[in-house]
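Participant: Dropping in work-v3.tsv, with TSV, C-alpha atoms and all ligand atoms.
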chain	number	residue	atom	x	y	z
A	1	TYR	CA	0.00	0.00	0.00
A	2	SER	CA	1.72	3.16	-1.22
A	3	GLY	CA	-0.01	6.08	0.33
A	4	LYS	CA	-2.05	8.94	-0.97
A	5	GLN	CA	-2.40	8.01	-4.66
A	6	THR	CA	-3.55	4.48	-3.92
A	7	GLY	CA	-5.94	5.84	-1.33
A	8	GLN	CA	-7.51	8.19	-3.85
A	9	ALA	CA	-7.76	5.48	-6.48
A	10	VAL	CA	-9.44	3.09	-4.02
A	11	ALA	CA	-11.86	5.81	-2.94
A	12	GLU	CA	-12.76	6.53	-6.55
A	13	SER	CA	-13.30	2.84	-7.38
A	14	MET	CA	-15.40	2.45	-4.27
A	15	THR	CA	-17.72	5.33	-5.04
A	16	ASN	CA	-18.11	4.06	-8.62
A	17	MET	CA	-19.31	0.58	-7.56
A	18	LYS	CA	-22.99	0.07	-8.35
A	19	VAL	CA	-25.54	-2.46	-7.12
A	20	LYS	CA	-25.87	-3.88	-10.66
A	21	ASP	CA	-22.18	-4.85	-10.73
A	22	PHE	CA	-22.50	-7.15	-7.67
A	23	GLN	CA	-26.16	-8.20	-7.34
A	24	SER	CA	-27.32	-11.84	-7.33
A	25	ILE	CA	-30.34	-13.60	-8.82
A	26	PRO	CA	-33.44	-13.15	-6.64
A	27	VAL	CA	-35.42	-16.13	-5.38
A	28	VAL	CA	-39.12	-15.29	-5.20
A	29	VAL	CA	-42.09	-17.23	-3.86
A	30	SER	CA	-45.81	-16.62	-4.02
A	31	GLU	CA	-47.76	-15.28	-1.00
A	32	ASN	CA	-49.85	-18.39	-0.73
A	33	ILE	CA	-47.16	-21.04	-0.48
A	34	SER	CA	-46.85	-22.69	2.93
A	35	VAL	CA	-44.11	-22.04	5.44
A	36	TYR	CA	-43.07	-25.67	4.90
A	37	ASP	CA	-42.59	-25.11	1.17
A	38	ALA	CA	-40.74	-21.85	1.80
A	39	ILE	CA	-38.28	-23.71	4.04
A	40	CYS	CA	-37.76	-26.28	1.26
A	41	GLN	CA	-37.20	-23.49	-1.28
A	42	MET	CA	-34.66	-21.80	0.96
A	43	PHE	CA	-32.61	-25.02	1.16
A	44	LEU	CA	-33.03	-25.92	-2.52
A	45	GLU	CA	-32.04	-22.48	-3.78
A	46	ASP	CA	-29.33	-22.08	-1.13
A	47	VAL	CA	-30.29	-18.52	-0.13
A	48	GLY	CA	-30.87	-16.87	3.24
A	49	THR	CA	-33.68	-14.56	2.13
A	50	LEU	CA	-36.77	-15.21	0.00
A	51	PHE	CA	-38.79	-12.42	-1.57
A	52	VAL	CA	-42.57	-12.80	-1.64
A	53	VAL	CA	-44.60	-11.57	-4.61
A	54	ASP	CA	-48.30	-11.30	-5.43
A	55	LYS	CA	-50.02	-12.67	-8.54
A	56	ASN	CA	-48.79	-9.66	-10.56
A	57	SER	CA	-45.21	-10.50	-9.52
A	58	TYR	CA	-44.98	-7.38	-7.39
A	59	LEU	CA	-43.05	-7.40	-4.12
A	60	THR	CA	-45.24	-7.89	-1.03
A	61	GLY	CA	-42.88	-9.38	1.56
A	62	VAL	CA	-39.56	-10.76	2.74
A	63	LEU	CA	-38.81	-14.04	4.53
A	64	SER	CA	-35.58	-14.51	6.46
A	65	ARG	CA	-34.14	-17.68	7.97
A	66	LYS	CA	-35.21	-16.61	11.45
A	67	ASP	CA	-38.75	-15.75	10.31
A	68	LEU	CA	-39.07	-19.38	9.23
A	69	LEU	CA	-37.26	-20.78	12.29
A	70	ARG	CA	-39.47	-18.77	14.66
A	71	THR	CA	-42.56	-20.19	13.01
A	72	ALA	CA	-41.12	-23.70	12.92
A	73	ILE	CA	-40.44	-23.84	16.68
A	74	GLY	CA	-43.82	-22.35	17.54
A	75	SER	CA	-46.26	-24.25	15.39
A	76	GLN	CA	-47.38	-27.72	14.50
A	77	ASP	CA	-48.59	-27.65	10.95
A	78	LEU	CA	-46.23	-25.67	8.76
A	79	ASN	CA	-48.07	-27.02	5.72
A	80	HIS	CA	-51.15	-25.03	6.67
A	81	ILE	CA	-49.57	-21.65	7.39
A	82	PRO	CA	-49.22	-19.43	4.29
A	83	VAL	CA	-46.08	-17.28	4.25
A	84	HIS	CA	-48.03	-14.02	4.02
A	85	ILE	CA	-49.01	-14.52	7.69
A	86	ILE	CA	-45.40	-14.46	8.92
A	87	MET	CA	-43.45	-12.38	6.37
A	88	THR	CA	-42.21	-8.83	6.84
A	89	ARG	CA	-44.49	-6.88	4.53
A	90	MET	CA	-44.65	-3.77	2.41
A	91	PRO	CA	-44.36	-0.86	3.06
A	92	ASN	CA	-41.78	-1.88	5.68
A	93	ILE	CA	-39.35	-3.36	3.19
A	94	ALA	CA	-35.97	-1.81	2.50
A	95	TYR	CA	-35.00	-2.09	-1.18
A	96	CYS	CA	-32.59	-0.62	-3.71
A	97	PHE	CA	-32.25	0.06	-7.43
A	98	LYS	CA	-29.60	-1.43	-9.71
A	99	THR	CA	-28.18	2.03	-10.39
A	100	ASP	CA	-27.73	2.81	-6.67
A	101	GLY	CA	-24.21	3.11	-5.34
A	102	LEU	CA	-22.99	0.09	-3.38
A	103	ILE	CA	-22.12	2.28	-0.39
A	104	GLN	CA	-25.71	3.51	-0.16
A	105	ALA	CA	-27.01	-0.08	-0.32
A	106	ALA	CA	-24.47	-1.22	2.30
A	107	ASN	CA	-25.71	1.57	4.56
A	108	LYS	CA	-29.29	0.30	4.30
A	109	LEU	CA	-28.19	-3.23	5.24
A	110	ILE	CA	-26.41	-1.94	8.34
A	111	GLU	CA	-29.03	0.63	9.40
A	112	ARG	CA	-31.89	-1.86	9.12
A	113	GLN	CA	-29.78	-4.76	10.46
A	114	ILE	CA	-30.76	-7.09	7.63
A	115	ASP	CA	-28.92	-9.53	5.36
A	116	ALA	CA	-30.44	-8.70	1.97
A	117	LEU	CA	-32.18	-6.06	-0.11
A	118	PRO	CA	-34.40	-6.75	-3.09
A	119	VAL	CA	-33.22	-4.90	-6.19
A	120	VAL	CA	-36.36	-3.51	-7.80
A	121	ILE	CA	-37.81	-1.63	-10.73
A	122	GLU	CA	-40.51	0.83	-9.69
A	123	HIS	CA	-43.77	0.65	-11.67
A	124	THR	CA	-46.81	2.85	-11.03
A	125	ASP	CA	-48.63	0.00	-9.25
A	126	GLY	CA	-45.81	-1.88	-7.55
A	127	LEU	CA	-42.20	-3.00	-7.31
A	128	GLU	CA	-40.83	-5.65	-9.69
A	129	VAL	CA	-38.02	-7.72	-8.15
A	130	ILE	CA	-35.03	-8.07	-10.49
A	131	GLY	CA	-32.18	-8.87	-8.11
A	132	ARG	CA	-30.92	-9.57	-4.62
A	133	LEU	CA	-28.15	-7.69	-2.85
A	134	THR	CA	-26.67	-9.42	0.20
A	135	LYS	CA	-23.87	-9.00	2.68
A	136	THR	CA	-21.98	-11.59	0.63
A	137	ASN	CA	-22.19	-9.31	-2.42
A	138	ILE	CA	-20.75	-6.47	-0.34
A	139	THR	CA	-17.92	-8.74	0.85
A	140	ARG	CA	-17.18	-9.68	-2.79
A	141	ALA	CA	-17.09	-6.02	-3.72
A	142	PHE	CA	-14.68	-5.37	-0.86
A	143	LEU	CA	-12.38	-8.14	-2.12
A	144	SER	CA	-12.56	-6.97	-5.73
A	145	LEU	CA	-11.43	-3.57	-4.55
A	146	ALA	CA	-8.43	-5.14	-2.80
A	147	GLU	CA	-7.59	-7.23	-5.89
A	148	ASN	CA	-7.96	-4.37	-8.36
A	149	HIS	CA	-5.61	-2.23	-6.32
A	150	ASP	CA	-3.11	-4.96	-5.39
A	151	LEU	CA	-3.76	-4.60	-1.67
A	201	LIG	P1	-32.46	-13.29	10.06
A	201	LIG	O1	-33.84	-12.98	10.54
A	201	LIG	O2	-32.34	-14.71	9.57
A	201	LIG	O3	-31.40	-12.89	11.01
A	201	LIG	P2	-32.34	-10.81	8.58
A	201	LIG	O4	-31.43	-10.14	9.57
A	201	LIG	O5	-32.12	-10.50	7.14
A	201	LIG	O6	-32.24	-12.38	8.73
A	201	LIG	O7	-33.84	-10.44	8.92
A	201	LIG	C1	-34.24	-9.85	10.14
A	201	LIG	C2	-35.70	-9.43	10.04
A	201	LIG	O8	-35.81	-8.38	9.08
A	201	LIG	C3	-36.64	-10.53	9.56
A	201	LIG	O9	-37.85	-10.47	10.26
A	201	LIG	C4	-36.86	-10.23	8.08
A	201	LIG	O10	-38.16	-10.58	7.63
A	201	LIG	C5	-36.67	-8.73	8.03
A	201	LIG	N1	-36.05	-8.31	6.75
A	201	LIG	C6	-35.11	-8.96	6.02
A	201	LIG	N2	-34.80	-8.28	4.90
A	201	LIG	C7	-35.56	-7.16	4.91
A	201	LIG	C8	-35.72	-6.03	4.03
A	201	LIG	N3	-35.03	-5.93	2.89
A	201	LIG	N4	-36.60	-5.06	4.38
A	201	LIG	C9	-37.30	-5.15	5.54
A	201	LIG	N5	-37.22	-6.18	6.40
A	201	LIG	C10	-36.36	-7.18	6.10
Output the structure of this file as structure tokens.
Facilitator:
Amino acid sequence: YSGKQTGQAVAESMTNMKVKDFQSIPVVVSENISVYDAICQMFLEDVGTLFVVDKNSYLTGVLSRKDLLRTAIGSQDLNHIPVHIIMTRMPNIAYCFKTDGLIQAANKLIERQIDALPVVIEHTDGLEVIGRLTKTNITRAFLSLAENHDL
């Protein structure tokens, strides 16, 4: 690490990083699937957060690992509980756009103490989910910065 010039170059690269350069594929489920099926989906797709959409494919909720665990330890028939009963729902969902800066998105993750943000496109009648931005994506961005600047 060679001082001021490297520092400036790193700072510039960092502020230029966008959500779209690091986002992952979103995994979405319908509001009416059961908690049991959501747990299966989470394992099958190997993600920590599922996004819930309505019949128009617009974002209505978020399901985290602990949302599902909490329900699993408290109830008997996970096949008969639809996810819309237990999900965190709109309008209380933090999201981002693919053109947002990565620093801004990272700030939302920390402020809200969450693992993932849906990347959305805003339509007049709802939010279309096009991506998923997680703490892992931020960690990858951090590493790419180190690699690109030979740190
Ligand atoms: P976990 O609950 O497994 O620790 P999170 O920290 O991501 O995972 O989730 C904490 C809580 O915040 C959960 O109840 C979850 O539904 C909610 N949550 C997760 N992501 C979001 C988001 N993007 N916007 C609003 N709430 C969220």
Participant: Rank A:Pro82, A:Gly3, A:Gly61, A:Pro26 by their smallest atom-to-atom distance to ligand LIG 201 (chain A), using only C-alpha atoms and all ligand atoms, and report the top residue only.
Facilitator: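 When distances to ligand LIG 201 (chain A) are compared using only C-alpha atoms and all ligand atoms, the smallest one comes from A:Gly61.
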Participant: Hey, which of A:Asp37, A:Glu12, A:Asp21, A:Glu111 ends up closest to ligand LIG 201 (chain A)? Count all atoms listed in the file.
Facilitator: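 Counting all atoms listed in the file, the residue closest to ligand LIG 201 (chain A) is A:Glu111.
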Participant: Residues up to 12 Å from ligand LIG 201 (chain A), counting all atoms listed in the file: could you list those as a PyMOL selection string?
Facilitator: chain A and resi 42+47-52+59-71+83-96+105-106+108-120+129+131-135
Participant: Can you tell me how far atom CA of A:Gln23 sits from atom CA of A:His149, in Å to one decimal?
Facilitator: 21.4 Å
Participant: Just give me the gap between atom CA of A:Thr136 and atom CA of A:Ile103 in Å, one decimal is fine.
Facilitator: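 Pair atom CA of A:Thr136 / atom CA of A:Ile103 returns 13.9 Å.
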Participant: Neighbouring residues of stretch 121-128 of chain A were defined as those with any atom within 8 Å, considering only C-alpha atoms; residues of the same chain fewer than 6 positions away were excluded. Please report them as a ChimeraX atom specification.
Facilitator: /A:57-59,97
Participant: Suppose you want the space between atom CA of A:Gln8 and atom CA of A:Leu145; what is it in Å?
Facilitator: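 Atom-to-atom, atom CA of A:Gln8 and atom CA of A:Leu145 are spaced 12.4 Å apart.
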Participant: Could you tell me which of A:Leu102, A:Leu44, A:Thr15, A:Leu143 comes closest to A:Val27 if we count all atoms listed in the file?
Facilitator: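 Comparing A:Leu102, A:Leu44, A:Thr15, A:Leu143 against A:Val27, the winner is A:Leu44.
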Participant: Could you check the closest approach to A:Ser75 for each of A:Phe43, A:Met17, A:Val35, A:Gln5 and tell me which residue wins, using all atoms listed in the file?
Facilitator: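 With all atoms listed in the file as the atom set, the closest residue is A:Val35.
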Participant: Which one of A:Asn56, A:Tyr36, A:Lys20, A:Val29 sits closest to A:Gln76 if you count only C-alpha atoms?
Facilitator: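 Smallest distance to A:Gln76 is found for A:Tyr36.
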Participant: Given 6 Å on each side, where is the centre and what are the edge lengths in Å to one decimal of the axis-aligned box enclosing the listed atoms of stretch 101-108 of chain A, as lines of an AutoDock Vina configuration file?
Facilitator:
center_x = -25.7
center_y = 1.1
center_z = -0.4
size_x = 19.2
size_y = 16.7
size_z = 21.9
Participant: Which residue, A:Ile81, A:Val28, A:Ile138, A:Ile130, has the smallest gap to A:Asn107 when you use all atoms listed in the file?
Facilitator: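 Counting all atoms listed in the file, the residue closest to A:Asn107 is A:Ile138.
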Participant: Would you mind completing stretch 137-148 of chain A so that it carries all heavy atoms, and writing it out as a PDB file, in the coordinates of the input?
Facilitator:
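So part03.pdb came out as:
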ATOM      1  N   ASN A 137     -22.518 -10.153  -1.261  1.00  0.00           N
ATOM      2  CA  ASN A 137     -22.190  -9.310  -2.420  1.00  0.00           C
ATOM      3  C   ASN A 137     -21.291  -8.144  -2.009  1.00  0.00           C
ATOM      4  O   ASN A 137     -20.372  -7.767  -2.740  1.00  0.00           O
ATOM      5  CB  ASN A 137     -23.459  -8.755  -3.081  1.00  0.00           C
ATOM      6  CG  ASN A 137     -24.375  -9.841  -3.619  1.00  0.00           C
ATOM      7  OD1 ASN A 137     -25.574  -9.823  -3.358  1.00  0.00           O
ATOM      8  ND2 ASN A 137     -23.821 -10.793  -4.355  1.00  0.00           N
ATOM      9  N   ILE A 138     -21.567  -7.590  -0.833  1.00  0.00           N
ATOM     10  CA  ILE A 138     -20.750  -6.470  -0.340  1.00  0.00           C
ATOM     11  C   ILE A 138     -19.330  -6.973  -0.033  1.00  0.00           C
ATOM     12  O   ILE A 138     -18.337  -6.305  -0.337  1.00  0.00           O
ATOM     13  CB  ILE A 138     -21.373  -5.845   0.940  1.00  0.00           C
ATOM     14  CG1 ILE A 138     -22.804  -5.372   0.669  1.00  0.00           C
ATOM     15  CG2 ILE A 138     -20.504  -4.708   1.474  1.00  0.00           C
ATOM     16  CD1 ILE A 138     -22.943  -4.192  -0.247  1.00  0.00           C
ATOM     17  N   THR A 139     -19.237  -8.163   0.546  1.00  0.00           N
ATOM     18  CA  THR A 139     -17.920  -8.740   0.850  1.00  0.00           C
ATOM     19  C   THR A 139     -17.130  -8.995  -0.434  1.00  0.00           C
ATOM     20  O   THR A 139     -15.929  -8.740  -0.504  1.00  0.00           O
ATOM     21  CB  THR A 139     -18.082 -10.049   1.658  1.00  0.00           C
ATOM     22  OG1 THR A 139     -18.897  -9.767   2.798  1.00  0.00           O
ATOM     23  CG2 THR A 139     -16.739 -10.594   2.114  1.00  0.00           C
ATOM     24  N   ARG A 140     -17.832  -9.473  -1.483  1.00  0.00           N
ATOM     25  CA  ARG A 140     -17.180  -9.680  -2.790  1.00  0.00           C
ATOM     26  C   ARG A 140     -16.678  -8.361  -3.357  1.00  0.00           C
ATOM     27  O   ARG A 140     -15.580  -8.302  -3.911  1.00  0.00           O
ATOM     28  CB  ARG A 140     -18.174 -10.256  -3.806  1.00  0.00           C
ATOM     29  CG  ARG A 140     -18.341 -11.713  -3.670  1.00  0.00           C
ATOM     30  CD  ARG A 140     -18.508 -12.400  -5.021  1.00  0.00           C
ATOM     31  NE  ARG A 140     -18.859 -13.773  -4.731  1.00  0.00           N
ATOM     32  CZ  ARG A 140     -20.104 -14.183  -4.546  1.00  0.00           C
ATOM     33  NH1 ARG A 140     -21.119 -13.353  -4.735  1.00  0.00           N
ATOM     34  NH2 ARG A 140     -20.350 -15.427  -4.219  1.00  0.00           N
ATOM     35  N   ALA A 141     -17.476  -7.330  -3.213  1.00  0.00           N
ATOM     36  CA  ALA A 141     -17.090  -6.020  -3.720  1.00  0.00           C
ATOM     37  C   ALA A 141     -15.835  -5.530  -2.990  1.00  0.00           C
ATOM     38  O   ALA A 141     -14.908  -4.990  -3.601  1.00  0.00           O
ATOM     39  CB  ALA A 141     -18.243  -5.027  -3.532  1.00  0.00           C
ATOM     40  N   PHE A 142     -15.820  -5.757  -1.687  1.00  0.00           N
ATOM     41  CA  PHE A 142     -14.680  -5.370  -0.860  1.00  0.00           C
ATOM     42  C   PHE A 142     -13.406  -6.069  -1.348  1.00  0.00           C
ATOM     43  O   PHE A 142     -12.358  -5.444  -1.527  1.00  0.00           O
ATOM     44  CB  PHE A 142     -15.011  -5.758   0.586  1.00  0.00           C
ATOM     45  CG  PHE A 142     -13.941  -5.466   1.595  1.00  0.00           C
ATOM     46  CD1 PHE A 142     -13.737  -4.175   2.070  1.00  0.00           C
ATOM     47  CD2 PHE A 142     -13.161  -6.489   2.099  1.00  0.00           C
ATOM     48  CE1 PHE A 142     -12.755  -3.920   3.015  1.00  0.00           C
ATOM     49  CE2 PHE A 142     -12.181  -6.241   3.041  1.00  0.00           C
ATOM     50  CZ  PHE A 142     -11.975  -4.951   3.498  1.00  0.00           C
ATOM     51  N   LEU A 143     -13.530  -7.373  -1.620  1.00  0.00           N
ATOM     52  CA  LEU A 143     -12.380  -8.140  -2.120  1.00  0.00           C
ATOM     53  C   LEU A 143     -11.955  -7.693  -3.502  1.00  0.00           C
ATOM     54  O   LEU A 143     -10.756  -7.624  -3.802  1.00  0.00           O
ATOM     55  CB  LEU A 143     -12.746  -9.634  -2.174  1.00  0.00           C
ATOM     56  CG  LEU A 143     -12.399 -10.465  -0.952  1.00  0.00           C
ATOM     57  CD1 LEU A 143     -12.702 -11.921  -1.240  1.00  0.00           C
ATOM     58  CD2 LEU A 143     -10.918 -10.293  -0.590  1.00  0.00           C
ATOM     59  N   SER A 144     -12.914  -7.388  -4.369  1.00  0.00           N
ATOM     60  CA  SER A 144     -12.560  -6.970  -5.730  1.00  0.00           C
ATOM     61  C   SER A 144     -11.790  -5.658  -5.695  1.00  0.00           C
ATOM     62  O   SER A 144     -10.896  -5.433  -6.507  1.00  0.00           O
ATOM     63  CB  SER A 144     -13.813  -6.865  -6.617  1.00  0.00           C
ATOM     64  OG  SER A 144     -14.427  -5.613  -6.466  1.00  0.00           O
ATOM     65  N   LEU A 145     -12.136  -4.836  -4.732  1.00  0.00           N
ATOM     66  CA  LEU A 145     -11.430  -3.570  -4.550  1.00  0.00           C
ATOM     67  C   LEU A 145      -9.965  -3.852  -4.177  1.00  0.00           C
ATOM     68  O   LEU A 145      -9.040  -3.262  -4.745  1.00  0.00           O
ATOM     69  CB  LEU A 145     -12.116  -2.811  -3.413  1.00  0.00           C
ATOM     70  CG  LEU A 145     -12.141  -1.319  -3.403  1.00  0.00           C
ATOM     71  CD1 LEU A 145     -12.697  -0.753  -4.682  1.00  0.00           C
ATOM     72  CD2 LEU A 145     -12.995  -0.858  -2.213  1.00  0.00           C
ATOM     73  N   ALA A 146      -9.786  -4.778  -3.230  1.00  0.00           N
ATOM     74  CA  ALA A 146      -8.430  -5.140  -2.800  1.00  0.00           C
ATOM     75  C   ALA A 146      -7.643  -5.714  -3.975  1.00  0.00           C
ATOM     76  O   ALA A 146      -6.482  -5.347  -4.199  1.00  0.00           O
ATOM     77  CB  ALA A 146      -8.508  -6.152  -1.659  1.00  0.00           C
ATOM     78  N   GLU A 147      -8.276  -6.603  -4.750  1.00  0.00           N
ATOM     79  CA  GLU A 147      -7.590  -7.230  -5.890  1.00  0.00           C
ATOM     80  C   GLU A 147      -7.233  -6.199  -6.959  1.00  0.00           C
ATOM     81  O   GLU A 147      -6.116  -6.177  -7.457  1.00  0.00           O
ATOM     82  CB  GLU A 147      -8.476  -8.318  -6.499  1.00  0.00           C
ATOM     83  CG  GLU A 147      -8.258  -9.665  -5.834  1.00  0.00           C
ATOM     84  CD  GLU A 147      -9.371 -10.655  -6.159  1.00  0.00           C
ATOM     85  OE1 GLU A 147     -10.083 -10.452  -7.173  1.00  0.00           O
ATOM     86  OE2 GLU A 147      -9.523 -11.601  -5.385  1.00  0.00           O
ATOM     87  N   ASN A 148      -8.194  -5.350  -7.301  1.00  0.00           N
ATOM     88  CA  ASN A 148      -7.960  -4.370  -8.360  1.00  0.00           C
ATOM     89  C   ASN A 148      -6.884  -3.352  -8.017  1.00  0.00           C
ATOM     90  O   ASN A 148      -6.328  -2.713  -8.900  1.00  0.00           O
ATOM     91  CB  ASN A 148      -9.267  -3.628  -8.702  1.00  0.00           C
ATOM     92  CG  ASN A 148     -10.271  -4.536  -9.384  1.00  0.00           C
ATOM     93  OD1 ASN A 148      -9.888  -5.546  -9.968  1.00  0.00           O
ATOM     94  ND2 ASN A 148     -11.537  -4.181  -9.303  1.00  0.00           N
TER      95      ASN A 148
END
